[in-house]
>>> print(open('final_35.json').read())   # JSON, C-alpha atoms
[["chain", "number", "residue", "atom", "x", "y", "z"],
["A", 37, "MET", "CA", 64.89, 201.50, 159.46],
["A", 38, "ASP", "CA", 68.31, 202.18, 160.94],
["A", 39, "LYS", "CA", 71.20, 199.78, 161.63],
["A", 40, "LYS", "CA", 70.04, 198.89, 165.14],
["A", 41, "ASP", "CA", 66.51, 198.13, 163.93],
["A", 42, "LEU", "CA", 67.76, 195.89, 161.13],
["A", 43, "ILE", "CA", 70.10, 193.93, 163.40],
["A", 44, "GLU", "CA", 67.41, 193.43, 166.04],
["A", 45, "ARG", "CA", 64.84, 192.38, 163.44],
["A", 46, "THR", "CA", 67.34, 189.99, 161.87],
["A", 47, "PHE", "CA", 68.18, 188.31, 165.17],
["A", 48, "ASP", "CA", 64.49, 188.05, 166.10],
["A", 49, "GLY", "CA", 63.73, 186.28, 162.83],
["A", 50, "ILE", "CA", 66.73, 183.97, 163.03],
["A", 51, "ASN", "CA", 65.76, 183.06, 166.58],
["A", 52, "GLU", "CA", 62.22, 182.16, 165.48],
["A", 53, "ARG", "CA", 63.43, 179.91, 162.67],
["A", 54, "PHE", "CA", 66.83, 178.41, 163.43],
["A", 55, "ASP", "CA", 69.15, 177.02, 166.07],
["A", 56, "PHE", "CA", 72.08, 179.44, 166.30],
["A", 57, "VAL", "CA", 74.77, 180.89, 168.56],
["A", 58, "THR", "CA", 76.47, 184.28, 168.32],
["A", 59, "LEU", "CA", 80.17, 183.49, 168.45],
["A", 60, "ARG", "CA", 82.14, 186.55, 169.61],
["A", 61, "ASN", "CA", 82.58, 190.34, 169.72],
["A", 62, "PHE", "CA", 79.28, 190.78, 171.57],
["A", 63, "GLU", "CA", 80.32, 194.19, 172.88],
["A", 64, "LEU", "CA", 80.08, 195.64, 169.36],
["A", 65, "ILE", "CA", 76.48, 194.54, 168.71],
["A", 66, "PRO", "CA", 74.45, 196.41, 167.56],
["A", 67, "HIS", "CA", 75.77, 199.98, 167.65],
["A", 68, "ASP", "CA", 79.36, 199.35, 166.59],
["A", 69, "SER", "CA", 78.61, 196.55, 164.13],
["A", 70, "SER", "CA", 79.63, 197.22, 160.54],
["A", 71, "ARG", "CA", 80.87, 195.46, 157.42],
["A", 72, "ALA", "CA", 84.33, 195.50, 158.97],
["A", 73, "ASN", "CA", 83.12, 194.66, 162.49],
["A", 74, "ASP", "CA", 80.94, 191.82, 161.32],
["A", 75, "ILE", "CA", 78.48, 189.78, 163.39],
["A", 76, "ASP", "CA", 79.71, 186.20, 163.68],
["A", 77, "ILE", "CA", 77.09, 183.48, 164.13],
["A", 78, "ILE", "CA", 76.92, 179.72, 163.67],
["A", 79, "ILE", "CA", 73.85, 177.86, 162.40],
["A", 80, "ARG", "CA", 73.16, 174.18, 161.81],
["A", 81, "LYS", "CA", 74.46, 172.92, 158.48],
["A", 82, "GLY", "CA", 71.05, 171.53, 157.54],
["A", 83, "ASP", "CA", 69.49, 175.01, 157.83],
["A", 84, "LYS", "CA", 71.77, 176.80, 155.38],
["A", 85, "GLU", "CA", 69.35, 176.87, 152.44],
["A", 86, "GLU", "CA", 66.38, 178.18, 154.45],
["A", 87, "TYR", "CA", 68.67, 180.57, 156.29],
["A", 88, "SER", "CA", 69.97, 181.97, 153.00],
["A", 89, "LYS", "CA", 66.41, 182.45, 151.74],
["A", 90, "TYR", "CA", 65.43, 184.23, 154.94],
["A", 91, "MET", "CA", 68.40, 186.60, 154.87],
["A", 92, "THR", "CA", 67.74, 187.39, 151.21],
["A", 93, "SER", "CA", 64.13, 188.20, 152.09],
["A", 94, "LEU", "CA", 65.39, 190.85, 154.51],
["A", 95, "GLY", "CA", 67.38, 192.52, 151.74],
["A", 96, "TYR", "CA", 70.82, 191.10, 152.47],
["A", 97, "SER", "CA", 73.15, 190.32, 149.56],
["A", 98, "LEU", "CA", 74.85, 186.93, 149.94],
["A", 99, "SER", "CA", 78.38, 186.00, 148.93],
["A", 100, "TYR", "CA", 80.74, 183.12, 149.60],
["A", 101, "ASP", "CA", 84.46, 182.58, 150.07],
["A", 102, "SER", "CA", 86.69, 180.99, 147.44],
["A", 103, "GLU", "CA", 89.14, 179.10, 149.67],
["A", 104, "SER", "CA", 89.58, 175.32, 149.75],
["A", 105, "TYR", "CA", 87.75, 173.13, 152.26],
["A", 106, "ILE", "CA", 88.34, 169.66, 153.72],
["A", 107, "TYR", "CA", 86.69, 167.40, 156.31],
["A", 108, "GLU", "CA", 83.20, 168.75, 155.55],
["A", 109, "ALA", "CA", 84.18, 172.39, 156.03],
["A", 110, "GLU", "CA", 82.14, 174.90, 154.01],
["A", 111, "SER", "CA", 82.37, 178.54, 152.99],
["A", 112, "HIS", "CA", 81.18, 181.28, 155.26],
["A", 113, "ILE", "CA", 77.86, 182.81, 154.18],
["A", 114, "HIS", "CA", 78.43, 186.57, 154.04],
["A", 115, "CYS", "CA", 75.13, 188.43, 154.40],
["A", 116, "VAL", "CA", 75.62, 192.15, 153.77],
["A", 117, "ASN", "CA", 73.34, 195.18, 153.77],
["A", 118, "PRO", "CA", 75.69, 197.82, 152.32],
["A", 119, "SER", "CA", 73.39, 200.81, 152.80],
["A", 120, "LEU", "CA", 73.12, 200.21, 156.56],
["A", 121, "ASP", "CA", 76.68, 198.84, 156.88],
["A", 122, "VAL", "CA", 75.64, 195.48, 158.39],
["A", 123, "HIS", "CA", 77.43, 192.17, 157.82],
["A", 124, "PHE", "CA", 76.33, 188.82, 159.28],
["A", 125, "ASP", "CA", 79.28, 186.46, 158.79],
["A", 126, "THR", "CA", 77.66, 183.05, 159.14],
["A", 127, "VAL", "CA", 79.25, 179.61, 159.44],
["A", 128, "THR", "CA", 77.59, 176.21, 159.31],
["A", 129, "GLY", "CA", 80.17, 174.59, 161.58],
["A", 130, "LEU", "CA", 83.42, 175.28, 163.38],
["A", 131, "TYR", "CA", 85.95, 175.51, 160.57],
["A", 132, "TYR", "CA", 89.48, 176.82, 161.10],
["A", 133, "ARG", "CA", 92.37, 177.60, 158.77],
["A", 134, "SER", "CA", 95.08, 175.01, 158.28],
["A", 135, "LEU", "CA", 98.39, 175.95, 159.89],
["A", 136, "SER", "CA", 100.12, 174.85, 156.70],
["A", 137, "ASP", "CA", 97.85, 176.75, 154.27],
["A", 138, "MET", "CA", 95.97, 179.97, 155.08],
["A", 139, "ASN", "CA", 93.62, 179.34, 152.14],
["A", 140, "LEU", "CA", 92.52, 175.91, 153.39],
["A", 141, "PHE", "CA", 89.69, 175.57, 155.92],
["A", 142, "VAL", "CA", 89.53, 172.39, 158.00],
["A", 143, "GLY", "CA", 86.38, 170.88, 159.51],
["A", 144, "GLY", "CA", 85.96, 167.80, 161.66],
["A", 145, "PHE", "CA", 85.17, 169.54, 164.96],
["A", 146, "LYS", "CA", 81.70, 167.98, 165.34],
["A", 147, "GLU", "CA", 82.03, 167.36, 169.10],
["A", 148, "LEU", "CA", 83.03, 170.98, 169.66],
["A", 149, "GLU", "CA", 80.04, 172.11, 167.59],
["A", 150, "ASP", "CA", 77.67, 169.89, 169.58],
["A", 151, "SER", "CA", 79.00, 171.29, 172.84],
["A", 152, "LEU", "CA", 78.59, 174.84, 171.54],
["A", 153, "PHE", "CA", 74.91, 174.31, 170.72],
["A", 154, "ASP", "CA", 74.09, 172.07, 173.69],
["A", 155, "ASN", "CA", 75.56, 174.45, 176.28],
["A", 156, "LYS", "CA", 74.71, 177.83, 174.78],
["A", 157, "LEU", "CA", 73.56, 180.54, 177.20],
["A", 158, "SER", "CA", 70.50, 182.72, 176.69],
["A", 159, "VAL", "CA", 71.18, 186.42, 177.26],
["A", 160, "ASN", "CA", 68.87, 189.43, 177.42],
["A", 161, "LYS", "CA", 70.50, 191.05, 174.41],
["A", 162, "CYS", "CA", 69.51, 191.30, 170.77],
["A", 163, "TYR", "CA", 72.02, 188.58, 169.83],
["A", 164, "LYS", "CA", 70.08, 186.08, 172.02],
["A", 165, "TYR", "CA", 72.65, 183.31, 172.62],
["A", 166, "ILE", "CA", 76.33, 183.09, 173.44],
["A", 167, "PRO", "CA", 78.62, 180.12, 174.09],
["A", 168, "SER", "CA", 79.33, 178.86, 177.60],
["A", 169, "PRO", "CA", 82.62, 180.16, 179.08],
["A", 170, "GLU", "CA", 84.36, 176.86, 178.28],
["A", 171, "ASP", "CA", 83.09, 176.73, 174.69],
["A", 172, "LEU", "CA", 83.84, 180.39, 174.07],
["A", 173, "LEU", "CA", 87.37, 180.19, 175.49],
["A", 174, "THR", "CA", 88.09, 177.13, 173.35],
["A", 175, "HIS", "CA", 86.68, 178.82, 170.25],
["A", 176, "LEU", "CA", 88.68, 182.02, 170.81],
["A", 177, "CYS", "CA", 91.90, 180.04, 171.24],
["A", 178, "CYS", "CA", 91.20, 178.12, 168.02],
["A", 179, "HIS", "CA", 90.31, 181.34, 166.23],
["A", 180, "CYS", "CA", 93.52, 183.06, 167.36],
["A", 181, "ILE", "CA", 95.88, 180.12, 166.82],
["A", 182, "PHE", "CA", 94.53, 178.78, 163.53],
["A", 183, "ASP", "CA", 92.84, 181.77, 161.86],
["A", 184, "LYS", "CA", 94.74, 184.81, 163.11],
["A", 185, "ARG", "CA", 98.21, 183.33, 163.87],
["A", 186, "ASN", "CA", 98.24, 185.83, 166.73],
["A", 187, "VAL", "CA", 96.40, 186.65, 169.94],
["A", 188, "PRO", "CA", 95.23, 190.28, 169.73],
["A", 189, "GLN", "CA", 95.00, 192.16, 173.01],
["A", 190, "LYS", "CA", 91.19, 192.16, 173.05],
["A", 191, "TYR", "CA", 91.18, 188.36, 172.81],
["A", 192, "GLN", "CA", 93.89, 188.10, 175.45],
["A", 193, "ASN", "CA", 91.62, 190.05, 177.79],
["A", 194, "SER", "CA", 88.61, 187.90, 176.92],
["A", 195, "ILE", "CA", 90.49, 184.63, 177.39],
["A", 196, "ASN", "CA", 91.89, 185.73, 180.75],
["A", 197, "ASN", "CA", 88.44, 186.81, 181.99],
["A", 198, "LEU", "CA", 86.70, 183.70, 180.69],
["A", 199, "PHE", "CA", 89.20, 181.40, 182.35],
["A", 200, "LEU", "CA", 88.09, 182.68, 185.76],
["A", 201, "ASP", "CA", 84.56, 181.43, 185.03],
["A", 202, "CYS", "CA", 85.49, 178.08, 183.50],
["A", 203, "ASN", "CA", 85.00, 174.62, 184.87],
["A", 204, "GLU", "CA", 88.51, 173.34, 184.33],
["A", 205, "PRO", "CA", 87.69, 169.63, 183.73],
["A", 206, "LYS", "CA", 85.14, 170.69, 181.10],
["A", 207, "LEU", "CA", 87.64, 173.09, 179.53],
["A", 208, "ASP", "CA", 90.27, 170.37, 179.50],
["A", 209, "SER", "CA", 87.94, 167.99, 177.65],
["A", 210, "LEU", "CA", 87.22, 170.61, 174.99],
["A", 211, "PHE", "CA", 90.89, 171.52, 174.59],
["A", 212, "LYS", "CA", 91.73, 167.85, 174.05],
["A", 213, "LEU", "CA", 89.28, 167.82, 171.13],
["A", 214, "ALA", "CA", 90.85, 170.93, 169.62],
["A", 215, "PHE", "CA", 94.53, 170.66, 170.49],
["A", 216, "HIS", "CA", 95.06, 167.00, 171.39],
["A", 217, "LYS", "CA", 98.34, 166.35, 173.25],
["A", 218, "ALA", "CA", 99.11, 170.06, 173.50],
["A", 219, "SER", "CA", 95.90, 170.79, 175.40],
["A", 220, "SER", "CA", 97.31, 170.67, 178.95],
["A", 221, "TYR", "CA", 100.32, 172.74, 177.89],
["A", 222, "LEU", "CA", 98.11, 175.48, 176.44],
["A", 223, "ILE", "CA", 95.91, 175.57, 179.53],
["A", 224, "SER", "CA", 99.04, 175.91, 181.67],
["A", 225, "LEU", "CA", 100.09, 178.92, 179.59],
["A", 226, "ILE", "CA", 96.70, 180.55, 180.21],
["A", 227, "LYS", "CA", 97.04, 179.88, 183.94],
["A", 228, "GLU", "CA", 100.50, 181.48, 183.93],
["A", 229, "GLY", "CA", 99.27, 184.63, 182.19],
["A", 230, "GLU", "CA", 101.03, 183.87, 178.91],
["A", 231, "VAL", "CA", 97.96, 184.09, 176.68],
["A", 232, "GLY", "CA", 99.75, 186.32, 174.18],
["A", 233, "SER", "CA", 102.22, 183.53, 173.41],
["A", 234, "LEU", "CA", 99.65, 180.79, 172.66],
["A", 235, "TYR", "CA", 100.19, 180.74, 168.90],
["A", 236, "LEU", "CA", 103.99, 180.70, 168.97],
["A", 237, "LYS", "CA", 104.10, 178.19, 171.81],
["A", 238, "TYR", "CA", 101.61, 175.93, 170.03],
["A", 239, "ILE", "CA", 103.46, 175.80, 166.71],
["A", 240, "GLY", "CA", 106.70, 175.19, 168.64],
["A", 241, "TYR", "CA", 105.25, 172.41, 170.78],
["A", 242, "GLN", "CA", 107.17, 169.17, 170.21],
["A", 243, "ASP", "CA", 106.07, 166.76, 172.95],
["A", 244, "TYR", "CA", 104.04, 164.49, 170.65]]
>>> encode(input="final_35.json", output="structure tokens")
Amino acid sequence: MDKKDLIERTFDGINERFDFVTLRNFELIPHDSSRANDIDIIIRKGDKEEYSKYMTSLGYSLSYDSESYIYEAESHIHCVNPSLDVHFDTVTGLYYRSLSDMNLFVGGFKELEDSLFDNKLSVNKCYKYIPSPEDLLTHLCCHCIFDKRNVPQKYQNSINNLFLDCNEPKLDSLFKLAFHKASSYLISLIKEGEVGSLYLKYIGYQDY
């Protein structure tokens, strides 16, 4: 079995057993996936034990993060096959790093999670499901602002392209859940082509 076979078999089995969504970096799957270029998926929190058993049965080694967690956030489940250089980085909810502490993950985004699962799109690819444009754009902005403290060029490109396909009222409702009073300001920055400044503009936002 080569890397492609393992990834396809893994996704097929996950799809048969669990509700899941592949979160980002679809263009890398399967050929350019690796331990460094991991495969990011979200599963339901109630499935984590059975999911862990299933991944172990396929020969993956499981490990967990050692950061702190609040508001029902949990560690990522890192499922790694070192010999084939495959890494499924699995979360049981949308958890993002605290802006005041890089080692603290914050939960409490249940409505965003529900939207992600309820509006997921089926695709004819091995990774099966992706978020809707509105859910994906919201997730990428959260990921860049809270986790990365930066908006890398590849995510700038993705956000700009996704915005063209978004239903703006739906996007606005999701941004309000994630960014509260700064939501309209951040959307205006995207409209104006200032995606690269989202993190710095967000932490400097003072109209509360």
>>> closest_atom_pairs(input="final_35.json", of="region 39-72 of chain A", to="region 194-204 of chain A", cutoff="12 Å", atoms="all atoms listed in the file", output="CSV")
residue,atom,partner,partner_atom,distance
A:Arg60,CA,A:Ser194,CA,9.9
A:Asn61,CA,A:Ser194,CA,9.7
A:Phe62,CA,A:Ser194,CA,11.1
A:Glu63,CA,A:Ser194,CA,11.2
>>> atom_distance(input="final_35.json", atom1="CA of Glu110 (chain A)", atom2="CA of Tyr87 (chain A)")
14.8 Å
>>> closest_residue(input="final_35.json", among="A:Ile43, A:Ile239, A:Leu64, A:Ile166", to="Val116 (chain A)", atoms="only C-alpha atoms")
A:Ile43
>>> residues_around(input="final_35.json", residues="Ile78 (chain A)", least_positions_apart="3", cutoff="8 Å", atoms="all atoms listed in the file", output="number ranges by chain")
A: 56-59, 126-130
>>> closest_residue(input="final_35.json", among="A:Asp38, A:Glu149, A:Glu228, A:Asp76", to="Tyr163 (chain A)", atoms="only C-alpha atoms")
A:Asp76
>>> residues_around(input="final_35.json", residues="Asp171 (chain A)", least_positions_apart="2", cutoff="10 Å", atoms="all atoms listed in the file", output="PyMOL selection string")
chain A and resi 59+148-149+151-153+155-156+166-169+173-176+198+202+206-207+210-211
>>> closest_residue(input="final_35.json", among="A:Asn73, A:Ser224, A:Ser88, A:Ser134", to="Lys237 (chain A)", atoms="only C-alpha atoms")
A:Ser224
>>> closest_residue(input="final_35.json", among="A:Tyr107, A:Phe47, A:Tyr165, A:Phe124", to="Lys146 (chain A)", atoms="all atoms listed in the file")
A:Tyr107
>>> build_atoms(input="final_35.json", residues="region 169-190 of chain A", atoms="N, CA, C and O atoms", output="short mmCIF file (atom, residue, chain, number, x, y, z; two decimals), keeping the file's coordinate frame")
data_model
loop_
_atom_site.label_atom_id
_atom_site.label_comp_id
_atom_site.auth_asym_id
_atom_site.auth_seq_id
_atom_site.Cartn_x
_atom_site.Cartn_y
_atom_site.Cartn_z
N PRO A 169 81.23 179.70 178.94
CA PRO A 169 82.62 180.16 179.08
C PRO A 169 83.64 179.17 178.52
O PRO A 169 84.60 179.57 177.85
N GLU A 170 83.41 177.87 178.76
CA GLU A 170 84.36 176.86 178.28
C GLU A 170 84.36 176.77 176.75
O GLU A 170 85.43 176.69 176.13
N ASP A 171 83.17 176.81 176.15
CA ASP A 171 83.09 176.73 174.69
C ASP A 171 83.65 177.99 174.05
O ASP A 171 84.33 177.92 173.02
N LEU A 172 83.36 179.14 174.65
CA LEU A 172 83.84 180.39 174.07
C LEU A 172 85.36 180.49 174.18
O LEU A 172 86.03 180.89 173.22
N LEU A 173 85.91 180.13 175.34
CA LEU A 173 87.37 180.19 175.49
C LEU A 173 88.05 179.27 174.48
O LEU A 173 89.04 179.65 173.84
N THR A 174 87.52 178.06 174.32
CA THR A 174 88.09 177.13 173.35
C THR A 174 88.01 177.69 171.94
O THR A 174 88.99 177.65 171.18
N HIS A 175 86.85 178.25 171.59
CA HIS A 175 86.68 178.82 170.25
C HIS A 175 87.64 179.99 170.02
O HIS A 175 88.26 180.09 168.95
N LEU A 176 87.78 180.88 171.00
CA LEU A 176 88.68 182.02 170.81
C LEU A 176 90.12 181.57 170.65
O LEU A 176 90.86 182.15 169.84
N CYS A 177 90.53 180.55 171.40
CA CYS A 177 91.90 180.04 171.24
C CYS A 177 92.10 179.43 169.86
O CYS A 177 93.13 179.66 169.22
N CYS A 178 91.11 178.67 169.38
CA CYS A 178 91.20 178.12 168.02
C CYS A 178 91.24 179.24 166.99
O CYS A 178 92.04 179.21 166.03
N HIS A 179 90.39 180.22 167.16
CA HIS A 179 90.31 181.34 166.23
C HIS A 179 91.64 182.10 166.16
O HIS A 179 92.12 182.45 165.07
N CYS A 180 92.25 182.33 167.32
CA CYS A 180 93.52 183.06 167.36
C CYS A 180 94.67 182.22 166.81
O CYS A 180 95.49 182.71 166.02
N ILE A 181 94.75 180.96 167.22
CA ILE A 181 95.88 180.12 166.82
C ILE A 181 95.80 179.74 165.35
O ILE A 181 96.78 179.87 164.60
N PHE A 182 94.65 179.29 164.89
CA PHE A 182 94.53 178.78 163.53
C PHE A 182 94.21 179.87 162.50
O PHE A 182 94.77 179.86 161.40
N ASP A 183 93.29 180.78 162.84
CA ASP A 183 92.84 181.77 161.86
C ASP A 183 93.71 183.02 161.85
O ASP A 183 94.05 183.54 160.79
N LYS A 184 94.06 183.53 163.03
CA LYS A 184 94.74 184.81 163.11
C LYS A 184 96.26 184.69 163.22
O LYS A 184 96.98 185.65 162.94
N ARG A 185 96.77 183.52 163.66
CA ARG A 185 98.21 183.33 163.87
C ARG A 185 98.76 184.36 164.86
O ARG A 185 99.91 184.79 164.79
N ASN A 186 97.90 184.76 165.79
CA ASN A 186 98.24 185.83 166.73
C ASN A 186 97.14 185.88 167.77
O ASN A 186 96.03 185.38 167.53
N VAL A 187 97.43 186.46 168.93
CA VAL A 187 96.40 186.65 169.94
C VAL A 187 96.28 188.15 170.22
O VAL A 187 97.03 188.70 171.04
N PRO A 188 95.39 188.84 169.51
CA PRO A 188 95.23 190.28 169.73
C PRO A 188 94.88 190.59 171.19
O PRO A 188 94.33 189.75 171.90
N GLN A 189 95.19 191.79 171.61
CA GLN A 189 95.00 192.16 173.01
C GLN A 189 93.56 191.97 173.47
O GLN A 189 93.31 191.51 174.59
N LYS A 190 92.59 192.30 172.61
CA LYS A 190 91.19 192.16 173.05
C LYS A 190 90.85 190.70 173.33
O LYS A 190 90.08 190.39 174.25
#
